[in-house]
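Visitor: This one is entry_8.pdb, PDB, C-alpha atoms and all ligand atoms.
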```
ATOM      1  CA  MET I   1      16.170 -28.183   8.039
ATOM      2  CA  MET I   2      18.525 -27.094  10.857
ATOM      3  CA  ALA I   3      16.708 -25.372  13.722
ATOM      4  CA  LYS I   4      17.660 -21.683  14.074
ATOM      5  CA  ASN I   5      17.927 -22.014  17.822
ATOM      6  CA  TRP I   6      19.314 -25.060  19.565
ATOM      7  CA  HIS I   7      16.256 -25.643  21.776
ATOM      8  CA  GLU I   8      14.028 -25.933  18.700
ATOM      9  CA  ALA I   9      15.753 -29.188  17.782
ATOM     10  CA  GLY I  10      14.158 -30.767  20.889
ATOM     11  CA  LYS I  11      10.527 -31.750  21.445
ATOM     12  CA  ILE I  12       7.458 -29.550  21.216
ATOM     13  CA  VAL I  13       5.359 -29.605  24.399
ATOM     14  CA  GLU I  14       2.103 -31.435  23.683
ATOM     15  CA  CYS I  15      -0.935 -29.198  23.355
ATOM     16  CA  PHE I  16      -4.480 -30.038  24.562
ATOM     17  CA  LYS I  17      -7.634 -28.095  23.663
ATOM     18  CA  ASP I  18     -10.658 -27.247  25.852
ATOM     19  CA  VAL I  19      -9.413 -29.262  28.793
ATOM     20  CA  ASP I  20     -11.865 -29.672  31.689
ATOM     21  CA  ALA I  21     -10.927 -30.562  35.272
ATOM     22  CA  ASP I  22     -11.692 -34.272  34.786
ATOM     23  CA  THR I  23      -9.474 -34.567  31.716
ATOM     24  CA  PHE I  24      -6.654 -32.682  33.404
ATOM     25  CA  VAL I  25      -6.767 -34.640  36.668
ATOM     26  CA  ASN I  26      -7.288 -38.099  35.182
ATOM     27  CA  GLU I  27      -5.431 -37.974  31.868
ATOM     28  CA  ILE I  28      -2.880 -35.154  31.706
ATOM     29  CA  TYR I  29      -1.690 -34.720  35.312
ATOM     30  CA  PRO I  30      -0.696 -38.375  35.886
ATOM     31  CA  MET I  31       1.716 -38.263  32.898
ATOM     32  CA  ARG I  32       3.948 -35.835  34.877
ATOM     33  CA  ILE I  33       5.164 -34.121  31.715
ATOM     34  CA  PRO I  34       4.564 -30.488  30.664
ATOM     35  CA  ALA I  35       1.425 -29.749  28.675
ATOM     36  CA  VAL I  36       0.049 -26.632  26.990
ATOM     37  CA  LEU I  37      -3.670 -26.245  27.704
ATOM     38  CA  LYS I  38      -5.701 -24.098  25.349
ATOM     39  CA  GLY I  39      -9.259 -22.888  25.869
ATOM     40  CA  VAL I  40      -9.227 -23.106  29.691
ATOM     41  CA  ASP I  41     -11.281 -20.334  31.327
ATOM     42  CA  ILE I  42      -8.745 -18.150  33.186
ATOM     43  CA  GLY I  43     -11.119 -15.199  33.626
ATOM     44  CA  SER I  44     -11.642 -11.803  32.035
ATOM     45  CA  CYS I  45      -7.991 -10.723  32.544
ATOM     46  CA  THR I  46      -7.013 -11.605  28.970
ATOM     47  CA  GLN I  47      -9.532  -9.026  27.692
ATOM     48  CA  LYS I  48      -9.392  -6.410  30.443
ATOM     49  CA  TRP I  49      -5.707  -6.008  31.253
ATOM     50  CA  THR I  50      -4.694  -3.052  29.092
ATOM     51  CA  THR I  51      -1.883  -0.797  30.295
ATOM     52  CA  ASP I  52      -4.417   1.848  31.481
ATOM     53  CA  TYR I  53      -6.569  -0.699  33.301
ATOM     54  CA  LEU I  54      -3.561  -2.222  35.058
ATOM     55  CA  CYS I  55      -2.338   1.220  36.148
ATOM     56  CA  ARG I  56      -5.775   2.098  37.548
ATOM     57  CA  ASN I  57      -6.543  -1.241  39.225
ATOM     58  CA  GLY I  58      -3.134  -2.507  40.276
ATOM     59  CA  SER I  59      -1.588  -2.120  43.670
ATOM     60  CA  SER I  60      -1.228   1.339  45.252
ATOM     61  CA  GLN I  61       1.869  -0.070  46.932
ATOM     62  CA  SER I  62       5.317  -0.104  45.453
ATOM     63  CA  VAL I  63       6.759  -3.392  44.254
ATOM     64  CA  LYS I  64      10.294  -4.768  44.357
ATOM     65  CA  VAL I  65      11.519  -5.572  40.853
ATOM     66  CA  HIS I  66      14.587  -7.024  39.152
ATOM     67  CA  VAL I  67      16.212  -4.409  36.886
ATOM     68  CA  SER I  68      18.574  -5.701  34.212
ATOM     69  CA  THR I  69      20.581  -4.020  31.467
ATOM     70  CA  GLU I  70      21.155  -7.404  29.808
ATOM     71  CA  ARG I  71      18.545  -9.691  28.265
ATOM     72  CA  ASN I  72      19.732 -12.862  30.026
ATOM     73  CA  MET I  73      19.295 -12.444  33.753
ATOM     74  CA  ASP I  74      22.035 -14.401  35.491
ATOM     75  CA  PHE I  75      21.212 -15.617  38.976
ATOM     76  CA  VAL I  76      24.735 -16.906  39.567
ATOM     77  CA  GLN I  77      26.688 -13.763  38.501
ATOM     78  CA  LYS I  78      23.820 -11.465  39.620
ATOM     79  CA  ASN I  79      23.885  -9.177  36.572
ATOM     80  CA  TYR I  80      20.727  -7.406  37.757
ATOM     81  CA  SER I  81      19.711  -5.271  40.720
ATOM     82  CA  TYR I  82      16.622  -4.956  42.863
ATOM     83  CA  ARG I  83      14.781  -1.625  42.852
ATOM     84  CA  THR I  84      11.389  -0.454  44.081
ATOM     85  CA  LEU I  85       8.802   1.113  41.791
ATOM     86  CA  PRO I  86       5.139   2.097  42.132
ATOM     87  CA  PHE I  87       3.141  -0.642  40.359
ATOM     88  CA  ASP I  88       1.705   1.739  37.738
ATOM     89  CA  GLU I  89       5.206   3.044  36.935
ATOM     90  CA  LEU I  90       6.412  -0.552  36.456
ATOM     91  CA  ILE I  91       3.553  -1.205  34.026
ATOM     92  CA  LYS I  92       4.332   1.967  32.041
ATOM     93  CA  ARG I  93       8.029   1.151  31.826
ATOM     94  CA  CYS I  94       7.397  -2.442  30.708
ATOM     95  CA  ALA I  95       5.023  -1.176  28.015
ATOM     96  CA  GLU I  96       7.452   1.423  26.552
ATOM     97  CA  SER I  97      10.399   0.597  24.332
ATOM     98  CA  SER I  98      12.866   3.042  25.884
ATOM     99  CA  HIS I  99      12.643   4.958  29.127
ATOM    100  CA  GLU I 100      12.845   8.667  29.928
ATOM    101  CA  GLU I 101      13.264   7.811  33.575
ATOM    102  CA  TYR I 102      15.495   4.886  34.445
ATOM    103  CA  PHE I 103      17.940   3.497  37.020
ATOM    104  CA  PHE I 104      20.845   2.442  34.767
ATOM    105  CA  ASP I 105      20.029   3.080  31.109
ATOM    106  CA  GLU I 106      17.124   3.898  28.832
ATOM    107  CA  ASN I 107      16.876   0.291  27.557
ATOM    108  CA  GLU I 108      16.909  -1.450  30.924
ATOM    109  CA  LYS I 109      14.432  -4.276  31.501
ATOM    110  CA  TYR I 110      12.188  -5.034  34.460
ATOM    111  CA  TYR I 111      10.834  -8.211  35.993
ATOM    112  CA  LEU I 112       8.327  -8.489  38.811
ATOM    113  CA  ARG I 113       7.843 -11.777  40.615
ATOM    114  CA  ALA I 114       5.232 -10.733  43.183
ATOM    115  CA  LEU I 115       6.050 -11.598  46.781
ATOM    116  CA  GLY I 116       4.042 -12.059  49.952
ATOM    117  CA  ALA I 117       3.684  -9.190  52.483
ATOM    118  CA  ASP I 118       6.796 -10.378  54.336
ATOM    119  CA  ASN I 119       8.886 -12.066  51.658
ATOM    120  CA  ARG I 120      10.856 -14.120  54.187
ATOM    121  CA  LYS I 121       7.703 -15.712  55.606
ATOM    122  CA  ASP I 122       4.637 -15.134  53.461
ATOM    123  CA  VAL I 123       3.881 -16.822  50.167
ATOM    124  CA  ALA I 124       2.606 -14.726  47.244
ATOM    125  CA  ASN I 125      -1.148 -14.654  46.878
ATOM    126  CA  ILE I 126      -2.615 -12.484  44.128
ATOM    127  CA  GLU I 127      -5.894 -12.110  46.069
ATOM    128  CA  LYS I 128      -4.015 -10.459  48.935
ATOM    129  CA  GLU I 129      -1.442  -8.359  47.066
ATOM    130  CA  PHE I 130      -3.584  -7.361  44.057
ATOM    131  CA  PRO I 131      -7.213  -7.713  45.248
ATOM    132  CA  GLU I 132      -8.756  -5.747  42.357
ATOM    133  CA  LEU I 133      -6.795  -7.503  39.602
ATOM    134  CA  SER I 134      -7.377 -10.901  41.166
ATOM    135  CA  LYS I 135     -11.134 -10.543  40.508
ATOM    136  CA  ASP I 136     -10.315 -10.867  36.799
ATOM    137  CA  VAL I 137      -8.349 -14.099  37.196
ATOM    138  CA  ARG I 138      -9.911 -17.539  37.475
ATOM    139  CA  ILE I 139      -7.580 -20.213  38.733
ATOM    140  CA  PRO I 140      -8.461 -23.466  36.939
ATOM    141  CA  PRO I 141     -10.033 -26.012  39.335
ATOM    142  CA  PHE I 142      -7.333 -28.621  38.695
ATOM    143  CA  PHE I 143      -6.438 -29.418  42.326
ATOM    144  CA  ASP I 144      -8.075 -29.438  45.772
ATOM    145  CA  LYS I 145      -8.222 -26.171  47.713
ATOM    146  CA  ASP I 146      -6.074 -27.567  50.518
ATOM    147  CA  GLN I 147      -3.271 -28.335  48.039
ATOM    148  CA  PHE I 148      -2.992 -24.634  47.076
ATOM    149  CA  PHE I 149       0.396 -23.080  47.814
ATOM    150  CA  SER I 150       0.697 -19.681  46.072
ATOM    151  CA  SER I 151      -0.461 -17.536  43.167
ATOM    152  CA  VAL I 152       2.179 -15.255  41.690
ATOM    153  CA  LEU I 153       1.749 -12.223  39.443
ATOM    154  CA  ARG I 154       4.645 -11.881  36.986
ATOM    155  CA  VAL I 155       5.237  -8.774  34.884
ATOM    156  CA  GLY I 156       8.172  -8.422  32.512
ATOM    157  CA  SER I 157       9.732  -6.300  29.791
ATOM    158  CA  PRO I 158      10.011  -7.575  26.220
ATOM    159  CA  ASP I 159      12.960  -9.874  25.524
ATOM    160  CA  LEU I 160      13.884 -10.471  29.159
ATOM    161  CA  GLN I 161      14.948 -14.013  29.923
ATOM    162  CA  LEU I 162      14.545 -15.747  33.272
ATOM    163  CA  TRP I 163      17.229 -18.282  34.171
ATOM    164  CA  THR I 164      16.594 -22.029  34.002
ATOM    165  CA  HIS I 165      15.419 -23.311  37.368
ATOM    166  CA  TYR I 166      13.104 -25.849  38.961
ATOM    167  CA  ASP I 167      10.406 -25.506  41.608
ATOM    168  CA  ILE I 168       9.271 -28.287  43.878
ATOM    169  CA  MET I 169       5.545 -27.597  43.552
ATOM    170  CA  ASP I 170       3.317 -28.403  40.603
ATOM    171  CA  ASN I 171       2.550 -25.289  38.622
ATOM    172  CA  ILE I 172       0.134 -23.878  36.072
ATOM    173  CA  LEU I 173       1.557 -20.832  34.293
ATOM    174  CA  MET I 174      -1.313 -18.765  32.887
ATOM    175  CA  GLN I 175      -0.291 -16.389  30.108
ATOM    176  CA  ILE I 176      -2.419 -13.254  30.193
ATOM    177  CA  LYS I 177      -0.701 -10.609  28.087
ATOM    178  CA  GLY I 178       2.012 -10.924  25.433
ATOM    179  CA  THR I 179       3.681 -14.089  24.229
ATOM    180  CA  LYS I 180       6.351 -16.089  25.954
ATOM    181  CA  ARG I 181       8.725 -18.855  24.929
ATOM    182  CA  VAL I 182       9.329 -21.563  27.504
ATOM    183  CA  VAL I 183      12.072 -24.198  27.266
ATOM    184  CA  LEU I 184      11.863 -27.100  29.710
ATOM    185  CA  PHE I 185      14.068 -30.020  30.684
ATOM    186  CA  SER I 186      13.061 -33.235  32.368
ATOM    187  CA  PRO I 187      14.299 -33.821  35.937
ATOM    188  CA  GLN I 188      16.207 -36.738  34.396
ATOM    189  CA  ASP I 189      18.356 -34.175  32.570
ATOM    190  CA  ALA I 190      19.611 -32.777  35.896
ATOM    191  CA  GLY I 191      23.081 -34.187  35.161
ATOM    192  CA  ASN I 192      23.279 -32.492  31.737
ATOM    193  CA  ILE I 193      22.339 -28.899  32.441
ATOM    194  CA  TYR I 194      25.127 -27.712  34.769
ATOM    195  CA  LEU I 195      23.172 -27.059  37.927
ATOM    196  CA  LYS I 196      24.248 -24.770  40.696
ATOM    197  CA  GLY I 197      21.669 -25.341  43.427
ATOM    198  CA  ASP I 198      18.250 -25.159  41.789
ATOM    199  CA  LYS I 199      19.455 -23.128  38.769
ATOM    200  CA  SER I 200      21.341 -23.947  35.582
ATOM    201  CA  MET I 201      24.537 -22.078  34.735
ATOM    202  CA  VAL I 202      23.658 -22.217  31.018
ATOM    203  CA  LEU I 203      22.184 -18.808  30.269
ATOM    204  CA  ASP I 204      21.960 -18.756  26.500
ATOM    205  CA  ILE I 205      19.460 -21.495  25.750
ATOM    206  CA  GLU I 206      19.140 -20.444  22.091
ATOM    207  CA  ASN I 207      22.866 -20.745  21.281
ATOM    208  CA  PRO I 208      24.621 -22.466  24.151
ATOM    209  CA  ASP I 209      28.397 -22.717  24.218
ATOM    210  CA  PHE I 210      28.924 -26.477  23.820
ATOM    211  CA  ASN I 211      32.666 -26.124  24.476
ATOM    212  CA  GLN I 212      31.859 -24.797  27.908
ATOM    213  CA  PHE I 213      28.806 -27.051  28.428
ATOM    214  CA  PRO I 214      29.421 -30.252  26.402
ATOM    215  CA  LEU I 215      26.915 -32.421  28.338
ATOM    216  CA  LEU I 216      24.091 -30.115  27.310
ATOM    217  CA  ALA I 217      24.181 -31.730  23.871
ATOM    218  CA  SER I 218      22.717 -34.879  25.520
ATOM    219  CA  ALA I 219      19.807 -32.974  27.116
ATOM    220  CA  CYS I 220      16.398 -32.906  25.446
ATOM    221  CA  PRO I 221      14.832 -29.423  25.490
ATOM    222  CA  TYR I 222      11.026 -29.311  25.343
ATOM    223  CA  HIS I 223       9.702 -26.015  24.050
ATOM    224  CA  CYS I 224       6.496 -24.083  23.483
ATOM    225  CA  ILE I 225       5.199 -20.586  22.811
ATOM    226  CA  LEU I 226       2.470 -19.348  25.128
ATOM    227  CA  HIS I 227      -0.130 -16.899  23.811
ATOM    228  CA  PRO I 228      -2.641 -14.931  25.898
ATOM    229  CA  GLY I 229      -5.167 -17.379  27.371
ATOM    230  CA  ASP I 230      -2.807 -20.384  27.249
ATOM    231  CA  CYS I 231      -1.853 -22.351  30.351
ATOM    232  CA  LEU I 232       1.315 -24.390  30.735
ATOM    233  CA  PHE I 233       1.385 -27.254  33.215
ATOM    234  CA  ILE I 234       4.914 -27.443  34.679
ATOM    235  CA  PRO I 235       5.237 -30.501  36.924
ATOM    236  CA  ALA I 236       7.418 -30.213  40.036
ATOM    237  CA  MET I 237      11.167 -30.537  39.351
ATOM    238  CA  TRP I 238      10.908 -29.818  35.605
ATOM    239  CA  PHE I 239      13.493 -27.171  34.751
ATOM    240  CA  HIS I 240      12.156 -24.159  32.887
ATOM    241  CA  ASN I 241      13.622 -21.130  31.146
ATOM    242  CA  VAL I 242      11.295 -18.327  30.074
ATOM    243  CA  VAL I 243      11.707 -15.435  27.670
ATOM    244  CA  ALA I 244       8.996 -12.851  27.092
ATOM    245  CA  HIS I 245       8.679 -11.869  23.446
ATOM    246  CA  ASP I 246       6.592  -8.806  24.330
ATOM    247  CA  PHE I 247       5.525  -6.874  27.395
ATOM    248  CA  SER I 248       4.289  -9.882  29.283
ATOM    249  CA  ILE I 249       1.989 -10.607  32.184
ATOM    250  CA  SER I 250       1.374 -14.038  33.640
ATOM    251  CA  VAL I 251      -0.023 -15.492  36.807
ATOM    252  CA  ASN I 252       1.156 -18.835  37.983
ATOM    253  CA  VAL I 253      -0.344 -21.027  40.633
ATOM    254  CA  PHE I 254       1.686 -23.551  42.614
ATOM    255  CA  TRP I 255       0.124 -26.460  44.445
ATOM    256  CA  LYS I 256       1.282 -29.428  46.487
ATOM    257  CA  HIS I 257       1.599 -32.777  44.799
ATOM    258  CA  LEU I 258       2.980 -34.526  47.906
ATOM    259  CA  SER I 259       1.457 -34.657  51.354
ATOM    260  CA  SER I 260       1.836 -31.305  53.198
ATOM    261  CA  ASP I 261       4.159 -32.619  55.898
ATOM    262  CA  LEU I 262       6.854 -33.383  53.299
ATOM    263  CA  TYR I 263       7.324 -29.708  52.422
ATOM    264  CA  ASP I 264       9.512 -27.278  54.329
ATOM    265  CA  PRO I 265       7.094 -24.993  56.254
ATOM    266  CA  LYS I 266       9.567 -22.081  55.919
ATOM    267  CA  ASP I 267       9.527 -21.887  52.129
ATOM    268  CA  PRO I 268       7.835 -18.768  50.726
ATOM    269  CA  TYR I 269       8.963 -19.484  47.122
ATOM    270  CA  GLY I 270       8.098 -23.164  46.715
ATOM    271  CA  ASN I 271      11.658 -24.053  45.774
ATOM    272  CA  LYS I 272      13.106 -25.599  48.931
ATOM    273  CA  ASP I 273      13.689 -29.324  48.544
ATOM    274  CA  PRO I 274      11.080 -31.589  50.188
ATOM    275  CA  ILE I 275      12.184 -32.368  53.763
ATOM    276  CA  PRO I 276      13.427 -35.963  53.139
ATOM    277  CA  ALA I 277      15.297 -34.843  49.991
ATOM    278  CA  GLY I 278      16.949 -31.929  51.833
ATOM    279  CA  GLN I 279      17.982 -34.283  54.635
ATOM    280  CA  ALA I 280      19.335 -36.818  52.126
ATOM    281  CA  LEU I 281      21.437 -34.089  50.452
ATOM    282  CA  GLN I 282      22.817 -33.041  53.841
ATOM    283  CA  GLY I 283      23.638 -36.689  54.585
ATOM    284  CA  LEU I 284      25.447 -36.943  51.254
ATOM    285  CA  ARG I 285      27.555 -33.861  52.072
ATOM    286  CA  ARG I 286      28.458 -35.433  55.433
ATOM    287  CA  ALA I 287      29.359 -38.694  53.660
ATOM    288  CA  LEU I 288      31.598 -36.816  51.208
ATOM    289  CA  LYS I 289      33.372 -35.072  54.097
ATOM    290  CA  LEU I 290      34.156 -38.515  55.523
ATOM    291  CA  LEU I 291      35.790 -39.529  52.239
ATOM    292  CA  ASP I 292      38.075 -36.488  52.574
ATOM    293  CA  LYS I 293      39.938 -38.502  55.228
ATOM    294  CA  LEU I 294      41.173 -40.894  52.509
ATOM    295  CA  PRO I 295      43.832 -40.424  49.781
ATOM    296  CA  ASP I 296      42.503 -39.362  46.330
ATOM    297  CA  GLU I 297      42.765 -42.866  44.852
ATOM    298  CA  TYR I 298      40.432 -44.280  47.539
ATOM    299  CA  LYS I 299      38.158 -41.274  47.453
ATOM    300  CA  ASP I 300      37.696 -41.764  43.706
ATOM    301  CA  PHE I 301      36.920 -45.488  44.108
ATOM    302  CA  TYR I 302      34.415 -45.044  46.940
ATOM    303  CA  GLY I 303      32.883 -42.054  45.137
ATOM    304  CA  ARG I 304      32.199 -44.333  42.148
ATOM    305  CA  ARG I 305      30.774 -47.020  44.419
ATOM    306  CA  MET I 306      28.477 -44.456  45.987
ATOM    307  CA  VAL I 307      27.278 -43.308  42.541
ATOM    308  CA  LEU I 308      26.499 -46.930  41.583
ATOM    309  CA  GLU I 309      24.542 -47.463  44.778
ATOM    310  CA  ILE I 310      22.616 -44.229  44.275
ATOM    311  CA  GLU I 311      21.798 -45.167  40.657
ATOM    312  CA  GLN I 312      20.651 -48.674  41.616
ATOM    313  CA  LYS I 313      18.507 -47.499  44.522
ATOM    314  CA  THR I 314      16.975 -44.298  43.159
ATOM    315  CA  TYR I 315      16.879 -44.086  39.365
ATOM    316  CA  TYR I 316      13.370 -44.260  38.037
ATOM    317  CA  GLN I 317      12.797 -45.959  34.699
ATOM    318  CA  GLY I 318       9.753 -43.868  33.695
ATOM    319  CA  ASN I 319       9.561 -40.935  31.247
ATOM    320  CA  GLY I 320      12.889 -39.919  29.845
TER     321      GLY I 320
HETATM  322  O1  LIG I 401       6.830 -16.839  33.286
HETATM  323  C1  LIG I 401       7.751 -16.452  33.996
HETATM  324  O2  LIG I 401       8.137 -15.281  33.963
HETATM  325  C2  LIG I 401       8.437 -17.390  34.923
HETATM  326  C3  LIG I 401       7.587 -18.565  35.228
HETATM  327  C4  LIG I 401       8.147 -19.410  36.305
HETATM  328  O3  LIG I 401       9.309 -19.410  36.630
HETATM  329  C5  LIG I 401       7.230 -20.301  36.985
HETATM  330  O4  LIG I 401       6.046 -20.351  36.617
HETATM  331  O5  LIG I 401       7.687 -20.999  37.916
END
```
Mind turning this structure into structure tokens?
Guide:
Amino acid sequence: MMAKNWHEAGKIVECFKDVDADTFVNEIYPMRIPAVLKGVDIGSCTQKWTTDYLCRNGSSQSVKVHVSTERNMDFVQKNYSYRTLPFDELIKRCAESSHEEYFFDENEKYYLRALGADNRKDVANIEKEFPELSKDVRIPPFFDKDQFFSSVLRVGSPDLQLWTHYDIMDNILMQIKGTKRVVLFSPQDAGNIYLKGDKSMVLDIENPDFNQFPLLASACPYHCILHPGDCLFIPAMWFHNVVAHDFSISVNVFWKHLSSDLYDPKDPYGNKDPIPAGQALQGLRRALKLLDKLPDEYKDFYGRRMVLEIEQKTYYQGNG
């Protein structure tokens, strides 16, 4: 049978039940592929976080949210705006189907990706920004404390889709309220998903335009549906696209897979390239500028030689 949506023709993310720390660290983590973990204790949040409870126990401070009148948020064309809302007002608006009070229209959608106190410097930490709510969340003990990077509260309206992007930290996405569909691509599909920086320009993952994005047909989407209580392990560099089916709340925790000195210390989001990779990319841009001194015919030839050398020296023959 033909899949209704294109991504469903790919692979289903493997699911593991009642995973303890030993099994995660020794069996699942080393595979470096996404995994859905069911039955992990993530705290009382899955029971307690009703709309009323969240309004009473959330932050008294206002939060900066993305507001979008379209279901596919587009990071490249910026089809959304940032606005500030009291946390309880955000919760109410995400829980209602149309709004009496709104910024643009009564069907607009909201997305909170919690930030640190100073979003240019501080990483998000749910214990600091949402101290009451954080008591209800248990972060699975799947990494050492000194590897911890950030814990991010995410709140979103039904049907809102977050663009495909990668992060450079390992990540457990804990689904607390509502269901979410996640589509992932291996880092080895980087050449097939039309990247601009760390984000893909393909917005409609269900029905992509293959005339505009022909290489996408060679990519292998991995997909899963997360229900409350489920955790999704997203290894560093795996691209992910997320759509909330309902009013959705998640917390995700990022941690360091590499040694600390390889990460950019000025990276509050966990998406700046590791220092050697960033330097290598800068070197490549300098190298390409040098080729600009040559006529097109030579530039083309040396460009191809450079690609061959890169492939021979860097391509990894592992999971594909
Ligand atoms: O679940 C979401 O809303 C986005 C998740 C995400 O981008 C992440 O965990 O890095």
Visitor: I'd like to see the residues matched by the PyMOL selection byres (((chain I and resi 46) around 9) and not hetatm) on this file, and ideally I'd get them as a count of residues only.
Guide: 15
Visitor: Pick out the closest residue to Asn171 of chain I from this set: I:Gly39, I:Ile33, I:Tyr222, I:Gln188. Count all atoms listed in the file.
Guide: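 Between I:Gly39, I:Ile33, I:Tyr222, I:Gln188, the residue approaching Asn171 of chain I most closely is I:Ile33.
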Visitor: What are the centre and edge lengths in Å, to one decimal, of the axis-aligned box around all listed atoms of ligand LIG 401 (chain I) with 5 Å added on each side, as JSON?
Guide:
```
{"center_x": 7.7, "center_y": -18.1, "center_z": 35.6, "size_x": 13.3, "size_y": 15.7, "size_z": 14.6}
```
Visitor: Since I can't run it myself right now, could you work out what the PyMOL selection byres (((chain I and resi 204) around 12) and not hetatm) selects here and report it as a ChimeraX atom specification?
Guide: /I:5-7,70-74,160-164,183,193,200-203,205-210,212-213,216,241-243
Visitor: To test your reading of the syntax: which residues would the PyMOL selection byres (((not hetatm)) within 6 of (chain I and resi 401)) return for the file shown? Reply as a PyMOL selection string.
Guide: chain I and resi 154+173+242+252
Visitor: Find the distance between atom CA of Lys121 of chain I and atom CA of Ser60 of chain I and write it in Å to one decimal.
Guide: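 Taking atom CA of Lys121 of chain I and atom CA of Ser60 of chain I, their separation equals 21.9 Å.
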Visitor: For each of I:Leu115, I:Leu291, I:Ile310, I:Cys15, take the minimum atom-to-atom distance to Ser62 of chain I, counting all atoms listed in the file, then give the residue where this is smallest.
Guide: I:Leu115
Visitor: Kindly reconstruct segment 242-256 of chain I with N, CA, C and O atoms and present the result as a PDB file, in the frame of the given file.
Guide:
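Dumped to part09.pdb:
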```
ATOM      1  N   VAL I 242      12.404 -19.068  30.683  1.00  0.00           N
ATOM      2  CA  VAL I 242      11.295 -18.327  30.074  1.00  0.00           C
ATOM      3  C   VAL I 242      11.815 -17.022  29.478  1.00  0.00           C
ATOM      4  O   VAL I 242      12.565 -16.292  30.128  1.00  0.00           O
ATOM      5  N   VAL I 243      11.406 -16.757  28.236  1.00  0.00           N
ATOM      6  CA  VAL I 243      11.707 -15.435  27.670  1.00  0.00           C
ATOM      7  C   VAL I 243      10.404 -14.826  27.157  1.00  0.00           C
ATOM      8  O   VAL I 243       9.610 -15.480  26.496  1.00  0.00           O
ATOM      9  N   ALA I 244      10.198 -13.556  27.538  1.00  0.00           N
ATOM     10  CA  ALA I 244       8.996 -12.851  27.092  1.00  0.00           C
ATOM     11  C   ALA I 244       9.309 -12.246  25.726  1.00  0.00           C
ATOM     12  O   ALA I 244      10.328 -11.581  25.564  1.00  0.00           O
ATOM     13  N   HIS I 245       8.455 -12.506  24.750  1.00  0.00           N
ATOM     14  CA  HIS I 245       8.679 -11.869  23.446  1.00  0.00           C
ATOM     15  C   HIS I 245       8.204 -10.424  23.463  1.00  0.00           C
ATOM     16  O   HIS I 245       8.715  -9.588  22.742  1.00  0.00           O
ATOM     17  N   ASP I 246       7.159 -10.157  24.238  1.00  0.00           N
ATOM     18  CA  ASP I 246       6.592  -8.806  24.330  1.00  0.00           C
ATOM     19  C   ASP I 246       6.476  -8.436  25.806  1.00  0.00           C
ATOM     20  O   ASP I 246       6.812  -9.246  26.662  1.00  0.00           O
ATOM     21  N   PHE I 247       5.924  -7.245  26.032  1.00  0.00           N
ATOM     22  CA  PHE I 247       5.525  -6.874  27.395  1.00  0.00           C
ATOM     23  C   PHE I 247       4.597  -8.001  27.858  1.00  0.00           C
ATOM     24  O   PHE I 247       3.578  -8.271  27.228  1.00  0.00           O
ATOM     25  N   SER I 248       4.977  -8.635  28.947  1.00  0.00           N
ATOM     26  CA  SER I 248       4.289  -9.882  29.283  1.00  0.00           C
ATOM     27  C   SER I 248       3.748  -9.882  30.711  1.00  0.00           C
ATOM     28  O   SER I 248       4.416  -9.406  31.632  1.00  0.00           O
ATOM     29  N   ILE I 249       2.551 -10.412  30.844  1.00  0.00           N
ATOM     30  CA  ILE I 249       1.989 -10.607  32.184  1.00  0.00           C
ATOM     31  C   ILE I 249       1.467 -12.041  32.281  1.00  0.00           C
ATOM     32  O   ILE I 249       0.773 -12.536  31.382  1.00  0.00           O
ATOM     33  N   SER I 250       1.841 -12.672  33.375  1.00  0.00           N
ATOM     34  CA  SER I 250       1.374 -14.038  33.640  1.00  0.00           C
ATOM     35  C   SER I 250       1.007 -14.126  35.108  1.00  0.00           C
ATOM     36  O   SER I 250       1.474 -13.323  35.928  1.00  0.00           O
ATOM     37  N   VAL I 251       0.184 -15.119  35.407  1.00  0.00           N
ATOM     38  CA  VAL I 251      -0.023 -15.492  36.807  1.00  0.00           C
ATOM     39  C   VAL I 251       0.260 -16.980  36.861  1.00  0.00           C
ATOM     40  O   VAL I 251      -0.184 -17.729  35.981  1.00  0.00           O
ATOM     41  N   ASN I 252       1.034 -17.392  37.853  1.00  0.00           N
ATOM     42  CA  ASN I 252       1.156 -18.835  37.983  1.00  0.00           C
ATOM     43  C   ASN I 252       0.700 -19.275  39.358  1.00  0.00           C
ATOM     44  O   ASN I 252       0.770 -18.526  40.329  1.00  0.00           O
ATOM     45  N   VAL I 253       0.164 -20.493  39.370  1.00  0.00           N
ATOM     46  CA  VAL I 253      -0.344 -21.027  40.633  1.00  0.00           C
ATOM     47  C   VAL I 253       0.418 -22.317  40.935  1.00  0.00           C
ATOM     48  O   VAL I 253       0.592 -23.177  40.076  1.00  0.00           O
ATOM     49  N   PHE I 254       0.948 -22.367  42.146  1.00  0.00           N
ATOM     50  CA  PHE I 254       1.686 -23.551  42.614  1.00  0.00           C
ATOM     51  C   PHE I 254       0.795 -24.330  43.570  1.00  0.00           C
ATOM     52  O   PHE I 254       0.107 -23.729  44.413  1.00  0.00           O
ATOM     53  N   TRP I 255       0.839 -25.652  43.464  1.00  0.00           N
ATOM     54  CA  TRP I 255       0.124 -26.460  44.445  1.00  0.00           C
ATOM     55  C   TRP I 255       0.923 -27.712  44.804  1.00  0.00           C
ATOM     56  O   TRP I 255       1.863 -28.087  44.097  1.00  0.00           O
ATOM     57  N   LYS I 256       0.512 -28.312  45.934  1.00  0.00           N
ATOM     58  CA  LYS I 256       1.282 -29.428  46.487  1.00  0.00           C
ATOM     59  C   LYS I 256       0.852 -30.742  45.862  1.00  0.00           C
ATOM     60  O   LYS I 256      -0.340 -31.068  45.871  1.00  0.00           O
TER      61      LYS I 256
END
```
